[in-house]
There are 2 protein chains.
Amino acid sequence: MAEAVALIGCKGPAQESEYRQILAAAMPEERLVPFRVMDAGERAAARVAIVANPDPAEVAALPGLVWVQSLWAGVEKLVGAFDRPLPIVRLVDREMARTMAEAVLAWTYYLQRDMPAYARQQSERVWRSHAYRKPVDVTIGLLGLGALGSEAAARLLDAGFPVIGWSRSPKAVARVETYHGADGLPAMLGRCDILVCLVPLTTETRGLVNAARLAALKPGAALINFARGPIVVTGDLIAALDGGRLAHAVLDVFDVEPLPADSALWSHPGVTVLPHVSGPTDMASAAATVAANLRSYRKTGAPPQGVDAARGY
Amino acid sequence: MAEAVALIGCKGPAQESEYRQILAAAMPEERLVPFRVMDAGERAAARVAIVANPDPAEVAALPGLVWVQSLWAGVEKLVGAFDRPLPIVRLVDREMARTMAEAVLAWTYYLQRDMPAYARQQSERVWRSHAYRKPVDVTIGLLGLGALGSEAAARLLDAGFPVIGWSRSPKAVARVETYHGADGLPAMLGRCDILVCLVPLTTETRGLVNAARLAALKPGAALINFARGPIVVTGDLIAALDGGRLAHAVLDVFDVEPLPADSALWSHPGVTVLPHVSGPTDMASAAATVAANLRSYRKTGAPPQGVDAARGY
């Protein structure tokens with residue numbers, strides 16, 4: 001029997017079945033088998049795994065793996081998780097960048113147009129208008145200027161918002177005033193009306209948005225976290241909201257997901273909780289990208305470029 | 001003493017003072033006096049009134065008026081309200097069209113991105129994602145293709161939403177499939193995922209969105225009313241929401257404003273209530289438009305083009 005490609009992760013049987021079907025249609029020449037139903041021979045023979053938020057132990061249980069293709073853009077649970085070098089290939093997908101940039105614009109409007117305040121007023125039957133803020137008067141700061149950050153910048157700029165941005169190393173993005181490195185961060189934060197997190201989770205970005213960084217924001221600023229939960233220190237965030245320094249936070253990602261029922265974030269009036277929906281993977285688009293990666297590997301024997309283990313992305 | 005321009009209406013003394021200051025800065029050659037402090041001589045001499053949602057009786061109390069400049073785009077309370085022909089000039093302002101089009105896009109995202117459902121889930125501590133709908137799969141139908149509708153269409157199209165539109169008489173708008181007249185309405189409604197009201201209130205549009213029109217929408221469609229309350233029949237709207245035909249309504253305008261505290265709309269789970277904030281007048285921009293109208297009148301003696309009393313806009 002031909003070597004099978006392992007499918008690891010997915011949210012449950014329904015998602016696994018859906019993903020398997022769409023991937024199979026995009027690469028009919030491959031045999032795709034969920035890890036949990038692979039026999040010992042198939043596990044030993046597998047050279048490639050396609051994964052969606054997998055248990056790293058399952059990936060480690062395939063000793064012959066040459067590389068791992070993630071269906072997610074964030075791969076922080078996999079980078080450096082194995083006792084041998086194993087290329088981890090992130091999903092870099094145009095459709096995901098478009099979807100995420102759209103989410104950034106949608107929830108930027110949510111904040112600029114005071115939708116949280118109007119929802120609160122509706123629950124109290126209060127009719128009161130808040131002063132309209134033009135986009136030109138609302139500066140958006142992007143933490144992260146990769147594929148997602150650049151696309152978000154373009155959408156925000158087209159909508160009339162001034163955009164500034166920060167990245168680890170120097171980057172040039174059209175019409176965006178950029179800052180970089182630890183020294184550049186406070187200057188960027190001090191200009192933000194809305195701070196948007198789009199950085200990957202690495203040892204450097206874990207806890208990046210802490211009390212000091214939140215205190216550096218303009219008074220009354222808001223936060224959008226569409227990256228990964230641990231980039232923001234939850235206790236510091238709640239303190240900044242309670243102290244009035246921060247006006248509102250839109251959170252799509254959390255330290256633990258699903259967000260535990262006893263989390264204080266659920267009922268905080270300054271927090272909008274979303275169930276990790278800002279940039280859903282478009283499987284039709286992702287499957288085409290993954291199929292192209294696999295075909296290139298079958299032809300050349302060389303795995304696609306994995307993430308840089310030292311940088312973490 | 002030189003003839004004074006009357007200022008009538010405004011939400012209260014604070015807004016009156018703010019508007020007066022901004023208007024005075026734009027037309028230092030004019031003397032602007034609030035109607036309520038004008039003496040009998042000034043009332044008799046006034047030829048021009050600048051109004052913001054005025055009591056029509058105050059306008060009627062200026063017997064020498066030649067024309068009325070509204071600071072609002074909607075002038076339904078003034079058209080045909082006087083016992084003599086009196087030109088009513090609507091505010092046609094680029095900045096208002098931009099602001100309103102932005103509101104249409106912002107609340108379209110609100111619906112497309114399921115923000116009402118996620119807010120409800122947050123209040124119940126429920127973590128559940130809804131299937132993402134791409135803009136290309138969400139058709140927006142515009143009721144009204146004037147200055148506001150055309151600008152909204154352009155913004156929605158740039159964001160990837162298919163746009164169709166309806167107007168009283170035939171109109172061509174770039175990239176928009178248009179319908180017109182009573183015969184064209186059902187066909188347009190049957191294709192709408194989100195119906196957006198941007199028509200002026202006239203005898204023809206009063207009650208336009210009634211039970212029959214709501215039933216003609218695609219099942220599960222949503223409604224945005226940014227025009228005037230009486231265009232939508234409130235009882236029919238609530239019945240369509242309760243019957244599950246309509247998924248959600250975003251209402252910025254109402255039969256009576258402020259919305260009375262005992263209205264059923266405040267607490268309806270399928271309704272988002274906004275306090276008439278979708279297209280706020282930008283006074284700096286409006287004052288420049290009004291100053292240009294007044295200067296033209298002083299020079300030529302001819303009032304600017306008023307609304308067509310028969311059409312009502």
# chains A, B, ... in the order shown; residues from 1 in each chain; ligands from 1
>>> residues_around(residues="A:Ala215", least_positions_apart="6", cutoff="9 Å", atoms="only C-alpha atoms", output="JSON, numbers by chain")
{"A": [189, 190, 240, 245, 246]}
>>> write_last_selection(atoms="N, CA, C and O atoms", output="PDB file, in the first residue's frame")
ATOM      1  N   LEU A 189       3.322  52.948  20.661  1.00  0.00           N
ATOM      2  CA  LEU A 189       2.156  52.787  21.540  1.00  0.00           C
ATOM      3  C   LEU A 189       1.549  54.132  21.930  1.00  0.00           C
ATOM      4  O   LEU A 189       0.330  54.277  22.033  1.00  0.00           O
ATOM      5  N   GLY A 190       2.393  55.119  22.156  1.00  0.00           N
ATOM      6  CA  GLY A 190       1.922  56.429  22.601  1.00  0.00           C
ATOM      7  C   GLY A 190       1.072  57.154  21.576  1.00  0.00           C
ATOM      8  O   GLY A 190       0.444  58.162  21.889  1.00  0.00           O
ATOM      9  N   ALA A 240      -5.993  47.456  33.451  1.00  0.00           N
ATOM     10  CA  ALA A 240      -6.000  48.659  32.607  1.00  0.00           C
ATOM     11  C   ALA A 240      -7.425  49.074  32.255  1.00  0.00           C
ATOM     12  O   ALA A 240      -7.733  50.267  32.169  1.00  0.00           O
ATOM     13  N   ARG A 245      -7.760  53.273  31.972  1.00  0.00           N
ATOM     14  CA  ARG A 245      -6.705  53.594  31.018  1.00  0.00           C
ATOM     15  C   ARG A 245      -7.068  53.103  29.624  1.00  0.00           C
ATOM     16  O   ARG A 245      -6.852  53.780  28.625  1.00  0.00           O
ATOM     17  N   LEU A 246      -7.639  51.895  29.603  1.00  0.00           N
ATOM     18  CA  LEU A 246      -8.045  51.259  28.352  1.00  0.00           C
ATOM     19  C   LEU A 246      -9.572  51.318  28.297  1.00  0.00           C
ATOM     20  O   LEU A 246     -10.252  51.005  29.279  1.00  0.00           O
TER      21      LEU A 246
END
>>> interface_residues(of="chain B", to="chain A", cutoff="7 Å", atoms="only C-alpha atoms", output="PDB file with N, CA, C and O atoms, in the first residue's frame")
ATOM      1  N   ALA B 106     -19.965  49.675   8.030  1.00  0.00           N
ATOM      2  CA  ALA B 106     -19.680  49.236   9.405  1.00  0.00           C
ATOM      3  C   ALA B 106     -20.761  48.292   9.916  1.00  0.00           C
ATOM      4  O   ALA B 106     -20.467  47.230  10.477  1.00  0.00           O
ATOM      5  N   TYR B 109     -20.797  44.897   8.115  1.00  0.00           N
ATOM      6  CA  TYR B 109     -19.834  43.987   8.748  1.00  0.00           C
ATOM      7  C   TYR B 109     -20.395  43.429  10.064  1.00  0.00           C
ATOM      8  O   TYR B 109     -20.193  42.265  10.390  1.00  0.00           O
ATOM      9  N   TYR B 118     -22.625  36.784  18.524  1.00  0.00           N
ATOM     10  CA  TYR B 118     -21.495  36.613  19.446  1.00  0.00           C
ATOM     11  C   TYR B 118     -21.715  37.396  20.744  1.00  0.00           C
ATOM     12  O   TYR B 118     -21.294  36.953  21.822  1.00  0.00           O
ATOM     13  N   GLN B 122     -21.752  35.693  24.349  1.00  0.00           N
ATOM     14  CA  GLN B 122     -20.878  36.134  25.442  1.00  0.00           C
ATOM     15  C   GLN B 122     -21.676  36.273  26.728  1.00  0.00           C
ATOM     16  O   GLN B 122     -21.219  35.857  27.799  1.00  0.00           O
ATOM     17  N   SER B 123     -22.895  36.813  26.633  1.00  0.00           N
ATOM     18  CA  SER B 123     -23.702  37.013  27.845  1.00  0.00           C
ATOM     19  C   SER B 123     -24.083  35.668  28.466  1.00  0.00           C
ATOM     20  O   SER B 123     -24.380  35.594  29.648  1.00  0.00           O
ATOM     21  N   ARG B 125     -21.947  33.002  28.170  1.00  0.00           N
ATOM     22  CA  ARG B 125     -20.665  32.270  28.276  1.00  0.00           C
ATOM     23  C   ARG B 125     -20.614  31.074  27.343  1.00  0.00           C
ATOM     24  O   ARG B 125     -20.135  29.995  27.715  1.00  0.00           O
ATOM     25  N   TRP B 127     -19.177  29.418  23.901  1.00  0.00           N
ATOM     26  CA  TRP B 127     -18.078  29.465  22.925  1.00  0.00           C
ATOM     27  C   TRP B 127     -18.516  28.646  21.719  1.00  0.00           C
ATOM     28  O   TRP B 127     -18.509  27.418  21.757  1.00  0.00           O
ATOM     29  N   ARG B 128     -18.970  29.314  20.667  1.00  0.00           N
ATOM     30  CA  ARG B 128     -19.412  28.574  19.475  1.00  0.00           C
ATOM     31  C   ARG B 128     -19.221  29.470  18.255  1.00  0.00           C
ATOM     32  O   ARG B 128     -19.682  30.610  18.238  1.00  0.00           O
ATOM     33  N   SER B 129     -18.530  28.958  17.251  1.00  0.00           N
ATOM     34  CA  SER B 129     -18.304  29.773  16.060  1.00  0.00           C
ATOM     35  C   SER B 129     -19.399  29.505  15.028  1.00  0.00           C
ATOM     36  O   SER B 129     -19.920  28.401  14.920  1.00  0.00           O
ATOM     37  N   PRO B 258     -36.579  60.946  20.639  1.00  0.00           N
ATOM     38  CA  PRO B 258     -35.968  59.688  21.047  1.00  0.00           C
ATOM     39  C   PRO B 258     -36.979  58.548  21.133  1.00  0.00           C
ATOM     40  O   PRO B 258     -38.155  58.795  21.425  1.00  0.00           O
ATOM     41  N   ALA B 261     -39.309  55.077  26.000  1.00  0.00           N
ATOM     42  CA  ALA B 261     -38.771  54.049  26.897  1.00  0.00           C
ATOM     43  C   ALA B 261     -39.620  52.785  26.903  1.00  0.00           C
ATOM     44  O   ALA B 261     -39.113  51.701  27.190  1.00  0.00           O
ATOM     45  N   TRP B 266     -36.610  48.254  22.145  1.00  0.00           N
ATOM     46  CA  TRP B 266     -35.440  48.321  23.030  1.00  0.00           C
ATOM     47  C   TRP B 266     -34.955  46.939  23.464  1.00  0.00           C
ATOM     48  O   TRP B 266     -33.759  46.687  23.526  1.00  0.00           O
ATOM     49  N   SER B 267     -35.905  46.071  23.812  1.00  0.00           N
ATOM     50  CA  SER B 267     -35.516  44.789  24.408  1.00  0.00           C
ATOM     51  C   SER B 267     -35.656  43.612  23.450  1.00  0.00           C
ATOM     52  O   SER B 267     -35.441  42.472  23.844  1.00  0.00           O
ATOM     53  N   VAL B 273     -30.702  48.878  18.495  1.00  0.00           N
ATOM     54  CA  VAL B 273     -31.216  50.251  18.533  1.00  0.00           C
ATOM     55  C   VAL B 273     -30.034  51.230  18.573  1.00  0.00           C
ATOM     56  O   VAL B 273     -29.166  51.127  19.435  1.00  0.00           O
ATOM     57  N   LEU B 274     -30.026  52.163  17.628  1.00  0.00           N
ATOM     58  CA  LEU B 274     -29.026  53.237  17.627  1.00  0.00           C
ATOM     59  C   LEU B 274     -29.750  54.573  17.735  1.00  0.00           C
ATOM     60  O   LEU B 274     -30.842  54.725  17.177  1.00  0.00           O
ATOM     61  N   PRO B 275     -29.154  55.549  18.434  1.00  0.00           N
ATOM     62  CA  PRO B 275     -29.842  56.831  18.665  1.00  0.00           C
ATOM     63  C   PRO B 275     -29.597  57.862  17.548  1.00  0.00           C
ATOM     64  O   PRO B 275     -29.081  58.939  17.811  1.00  0.00           O
ATOM     65  N   VAL B 277     -27.481  58.024  14.814  1.00  0.00           N
ATOM     66  CA  VAL B 277     -26.057  58.394  14.759  1.00  0.00           C
ATOM     67  C   VAL B 277     -25.366  57.961  13.470  1.00  0.00           C
ATOM     68  O   VAL B 277     -24.158  58.162  13.314  1.00  0.00           O
TER      69      VAL B 277
END
>>> select_by_dssp(residues="stretch 139-229 of chain A", states="helix (DSSP H, G or I)", output="VMD selection string")
chain A and resid 147 to 158 181 to 189 211 to 216 229
>>> write_last_selection(atoms="N, CA, C and O atoms", output="CSV table (one decimal), in the first residue's frame")
chain,number,residue,atom,x,y,z
A,147,ALA,N,2.5,39.1,6.6
A,147,ALA,CA,1.4,39.0,5.6
A,147,ALA,C,0.1,39.5,6.0
A,147,ALA,O,-0.6,40.3,5.3
A,148,LEU,N,-0.3,39.2,7.3
A,148,LEU,CA,-1.6,39.7,7.8
A,148,LEU,C,-1.5,41.2,8.1
A,148,LEU,O,-2.5,41.9,7.8
A,149,GLY,N,-0.5,41.6,8.8
A,149,GLY,CA,-0.4,43.0,9.1
A,149,GLY,C,-0.4,43.9,7.9
A,149,GLY,O,-1.1,45.0,7.9
A,150,SER,N,0.3,43.5,6.9
A,150,SER,CA,0.4,44.4,5.7
A,150,SER,C,-0.9,44.5,5.0
A,150,SER,O,-1.3,45.6,4.5
A,151,GLU,N,-1.6,43.4,4.9
A,151,GLU,CA,-3.0,43.4,4.3
A,151,GLU,C,-4.0,44.2,5.1
A,151,GLU,O,-4.8,45.0,4.6
A,152,ALA,N,-3.9,44.1,6.5
A,152,ALA,CA,-4.8,44.9,7.3
A,152,ALA,C,-4.5,46.4,7.2
A,152,ALA,O,-5.4,47.2,7.1
A,153,ALA,N,-3.2,46.7,7.1
A,153,ALA,CA,-2.8,48.1,6.9
A,153,ALA,C,-3.5,48.7,5.6
A,153,ALA,O,-4.0,49.8,5.7
A,154,ALA,N,-3.4,47.9,4.6
A,154,ALA,CA,-4.0,48.4,3.3
A,154,ALA,C,-5.5,48.7,3.4
A,154,ALA,O,-6.0,49.7,3.0
A,155,ARG,N,-6.2,47.8,4.1
A,155,ARG,CA,-7.6,47.9,4.2
A,155,ARG,C,-8.0,49.1,5.1
A,155,ARG,O,-8.9,49.9,4.8
A,156,LEU,N,-7.3,49.3,6.2
A,156,LEU,CA,-7.5,50.4,7.1
A,156,LEU,C,-7.2,51.7,6.4
A,156,LEU,O,-8.0,52.7,6.6
A,157,LEU,N,-6.1,51.8,5.7
A,157,LEU,CA,-5.7,53.0,5.0
A,157,LEU,C,-6.8,53.4,4.0
A,157,LEU,O,-7.2,54.6,3.9
A,158,ASP,N,-7.3,52.4,3.3
A,158,ASP,CA,-8.3,52.7,2.3
A,158,ASP,C,-9.6,53.2,2.9
A,158,ASP,O,-10.4,54.0,2.3
A,181,GLY,N,11.8,46.9,17.0
A,181,GLY,CA,12.6,46.6,18.1
A,181,GLY,C,12.0,47.1,19.4
A,181,GLY,O,11.1,47.8,19.5
A,182,ALA,N,12.7,46.7,20.5
A,182,ALA,CA,12.2,47.1,21.8
A,182,ALA,C,12.2,48.6,22.0
A,182,ALA,O,11.3,49.2,22.6
A,183,ASP,N,13.2,49.3,21.4
A,183,ASP,CA,13.3,50.7,21.5
A,183,ASP,C,12.1,51.4,20.8
A,183,ASP,O,11.7,52.5,21.2
A,184,GLY,N,11.6,50.9,19.8
A,184,GLY,CA,10.6,51.5,18.9
A,184,GLY,C,9.2,51.4,19.5
A,184,GLY,O,8.3,52.1,19.1
A,185,LEU,N,9.0,50.4,20.4
A,185,LEU,CA,7.7,50.1,20.8
A,185,LEU,C,6.9,51.2,21.6
A,185,LEU,O,5.8,51.6,21.3
A,186,PRO,N,7.6,51.8,22.7
A,186,PRO,CA,6.9,52.8,23.4
A,186,PRO,C,6.4,54.0,22.5
A,186,PRO,O,5.3,54.5,22.7
A,187,ALA,N,7.3,54.4,21.6
A,187,ALA,CA,6.9,55.6,20.7
A,187,ALA,C,5.7,55.2,19.9
A,187,ALA,O,4.8,56.1,19.7
A,188,MET,N,5.6,54.0,19.4
A,188,MET,CA,4.4,53.6,18.6
A,188,MET,C,3.2,53.6,19.5
A,188,MET,O,2.1,54.1,19.1
A,189,LEU,N,3.3,52.9,20.7
A,189,LEU,CA,2.2,52.8,21.5
A,189,LEU,C,1.5,54.1,21.9
A,189,LEU,O,0.3,54.3,22.0
A,211,ALA,N,1.4,45.4,31.6
A,211,ALA,CA,1.0,46.6,32.2
A,211,ALA,C,1.7,47.8,31.7
A,211,ALA,O,1.1,48.9,31.4
A,212,ALA,N,3.0,47.7,31.5
A,212,ALA,CA,3.8,48.8,31.1
A,212,ALA,C,3.4,49.2,29.6
A,212,ALA,O,3.3,50.4,29.3
A,213,ARG,N,3.2,48.3,28.8
A,213,ARG,CA,2.9,48.6,27.4
A,213,ARG,C,1.5,49.2,27.3
A,213,ARG,O,1.2,50.1,26.5
A,214,LEU,N,0.5,48.6,28.1
A,214,LEU,CA,-0.8,49.2,28.1
A,214,LEU,C,-0.8,50.6,28.7
A,214,LEU,O,-1.6,51.5,28.2
A,215,ALA,N,0.1,50.9,29.7
A,215,ALA,CA,0.1,52.2,30.2
A,215,ALA,C,0.7,53.2,29.2
A,215,ALA,O,0.5,54.4,29.3
A,216,ALA,N,1.5,52.7,28.2
A,216,ALA,CA,2.1,53.6,27.2
A,216,ALA,C,1.1,54.0,26.2
A,216,ALA,O,1.4,54.9,25.4
A,229,GLY,N,-3.6,34.4,22.5
A,229,GLY,CA,-3.9,34.8,23.9
A,229,GLY,C,-2.7,35.3,24.7
A,229,GLY,O,-2.7,36.4,25.3
>>> select_by_dssp(residues="stretch 76-199 of chain B", states="strand (DSSP E)", output="PyMOL selection string")
chain B and resi 88-89+140-143+163-167+177-180+194-197
>>> residues_around(residues="B:Arg206", least_positions_apart="4", cutoff="12 Å", atoms="only C-alpha atoms", output="PyMOL selection string")
chain B and resi 76+197+199-202+210+227-234+255+312
>>> atom_distance(atom1="atom CA of B:Gly74", atom2="atom CA of B:Val250")
19.1 Å
>>> closest_residue(among="A:Thr139, A:Gln305, A:Asn53, A:Ser70", to="A:Leu217", atoms="only C-alpha atoms")
A:Thr139
>>> atom_distance(atom1="atom CA of A:Pro85", atom2="atom CA of A:Ala45")
18.1 Å
>>> residues_around(residues="A:Val138", least_positions_apart="5", cutoff="7 Å", atoms="only C-alpha atoms", output="ChimeraX atom specification")
/A:161-162,193
>>> write_last_selection(atoms="all heavy atoms", output="PDB file, in the first residue's frame")
ATOM      1  N   PHE A 161      -8.238  55.459   7.890  1.00  0.00           N
ATOM      2  CA  PHE A 161      -7.569  55.472   9.189  1.00  0.00           C
ATOM      3  C   PHE A 161      -6.054  55.646   9.007  1.00  0.00           C
ATOM      4  O   PHE A 161      -5.464  54.947   8.198  1.00  0.00           O
ATOM      5  CB  PHE A 161      -7.815  54.144   9.933  1.00  0.00           C
ATOM      6  CG  PHE A 161      -9.242  53.917  10.334  1.00  0.00           C
ATOM      7  CD1 PHE A 161     -10.100  53.170   9.533  1.00  0.00           C
ATOM      8  CD2 PHE A 161      -9.741  54.470  11.512  1.00  0.00           C
ATOM      9  CE1 PHE A 161     -11.430  52.974   9.899  1.00  0.00           C
ATOM     10  CE2 PHE A 161     -11.069  54.266  11.882  1.00  0.00           C
ATOM     11  CZ  PHE A 161     -11.910  53.516  11.076  1.00  0.00           C
ATOM     12  N   PRO A 162      -5.420  56.539   9.768  1.00  0.00           N
ATOM     13  CA  PRO A 162      -3.955  56.575   9.770  1.00  0.00           C
ATOM     14  C   PRO A 162      -3.446  55.277  10.413  1.00  0.00           C
ATOM     15  O   PRO A 162      -3.993  54.830  11.418  1.00  0.00           O
ATOM     16  CB  PRO A 162      -3.613  57.779  10.658  1.00  0.00           C
ATOM     17  CG  PRO A 162      -4.893  58.539  10.828  1.00  0.00           C
ATOM     18  CD  PRO A 162      -6.008  57.554  10.645  1.00  0.00           C
ATOM     19  N   ASP A 193      -4.697  54.975  19.004  1.00  0.00           N
ATOM     20  CA  ASP A 193      -6.057  54.982  19.535  1.00  0.00           C
ATOM     21  C   ASP A 193      -6.596  53.559  19.613  1.00  0.00           C
ATOM     22  O   ASP A 193      -7.378  53.241  20.505  1.00  0.00           O
ATOM     23  CB  ASP A 193      -6.964  55.847  18.652  1.00  0.00           C
ATOM     24  CG  ASP A 193      -6.591  57.313  18.743  1.00  0.00           C
ATOM     25  OD1 ASP A 193      -6.737  57.895  19.840  1.00  0.00           O
ATOM     26  OD2 ASP A 193      -6.132  57.875  17.740  1.00  0.00           O
TER      27      ASP A 193
END
>>> atom_distance(atom1="atom CA of B:Gly244", atom2="atom CA of B:Gly220")
7.1 Å
>>> residues_around(residues="A:Ala249", least_positions_apart="5", cutoff="8 Å", atoms="only C-alpha atoms", output="mmCIF file with N, CA and C atoms, in the first residue's frame")
data_model
loop_
_atom_site.group_PDB
_atom_site.id
_atom_site.type_symbol
_atom_site.label_atom_id
_atom_site.label_comp_id
_atom_site.auth_asym_id
_atom_site.auth_seq_id
_atom_site.Cartn_x
_atom_site.Cartn_y
_atom_site.Cartn_z
ATOM 1 N N ALA A 222 -8.086 51.565 22.746
ATOM 2 C CA ALA A 222 -8.715 50.239 22.755
ATOM 3 C C ALA A 222 -7.736 49.218 22.176
ATOM 4 N N LEU A 223 -8.014 47.960 22.470
ATOM 5 C CA LEU A 223 -7.131 46.864 22.039
ATOM 6 C C LEU A 223 -7.931 45.838 21.260
ATOM 7 N N ILE A 224 -7.336 45.322 20.184
ATOM 8 C CA ILE A 224 -7.897 44.174 19.462
ATOM 9 C C ILE A 224 -6.822 43.092 19.454
ATOM 10 N N ASN A 225 -7.121 41.914 19.990
ATOM 11 C CA ASN A 225 -6.146 40.811 19.910
ATOM 12 C C ASN A 225 -6.701 39.702 19.034
ATOM 13 N N GLY A 270 -16.003 45.865 29.667
ATOM 14 C CA GLY A 270 -15.056 46.449 28.719
ATOM 15 C C GLY A 270 -14.462 45.443 27.753
ATOM 16 N N VAL A 271 -14.975 44.220 27.762
ATOM 17 C CA VAL A 271 -14.396 43.170 26.926
ATOM 18 C C VAL A 271 -15.436 42.590 25.976
ATOM 19 N N THR A 272 -15.082 42.463 24.711
ATOM 20 C CA THR A 272 -15.874 41.703 23.746
ATOM 21 C C THR A 272 -15.159 40.382 23.519
#
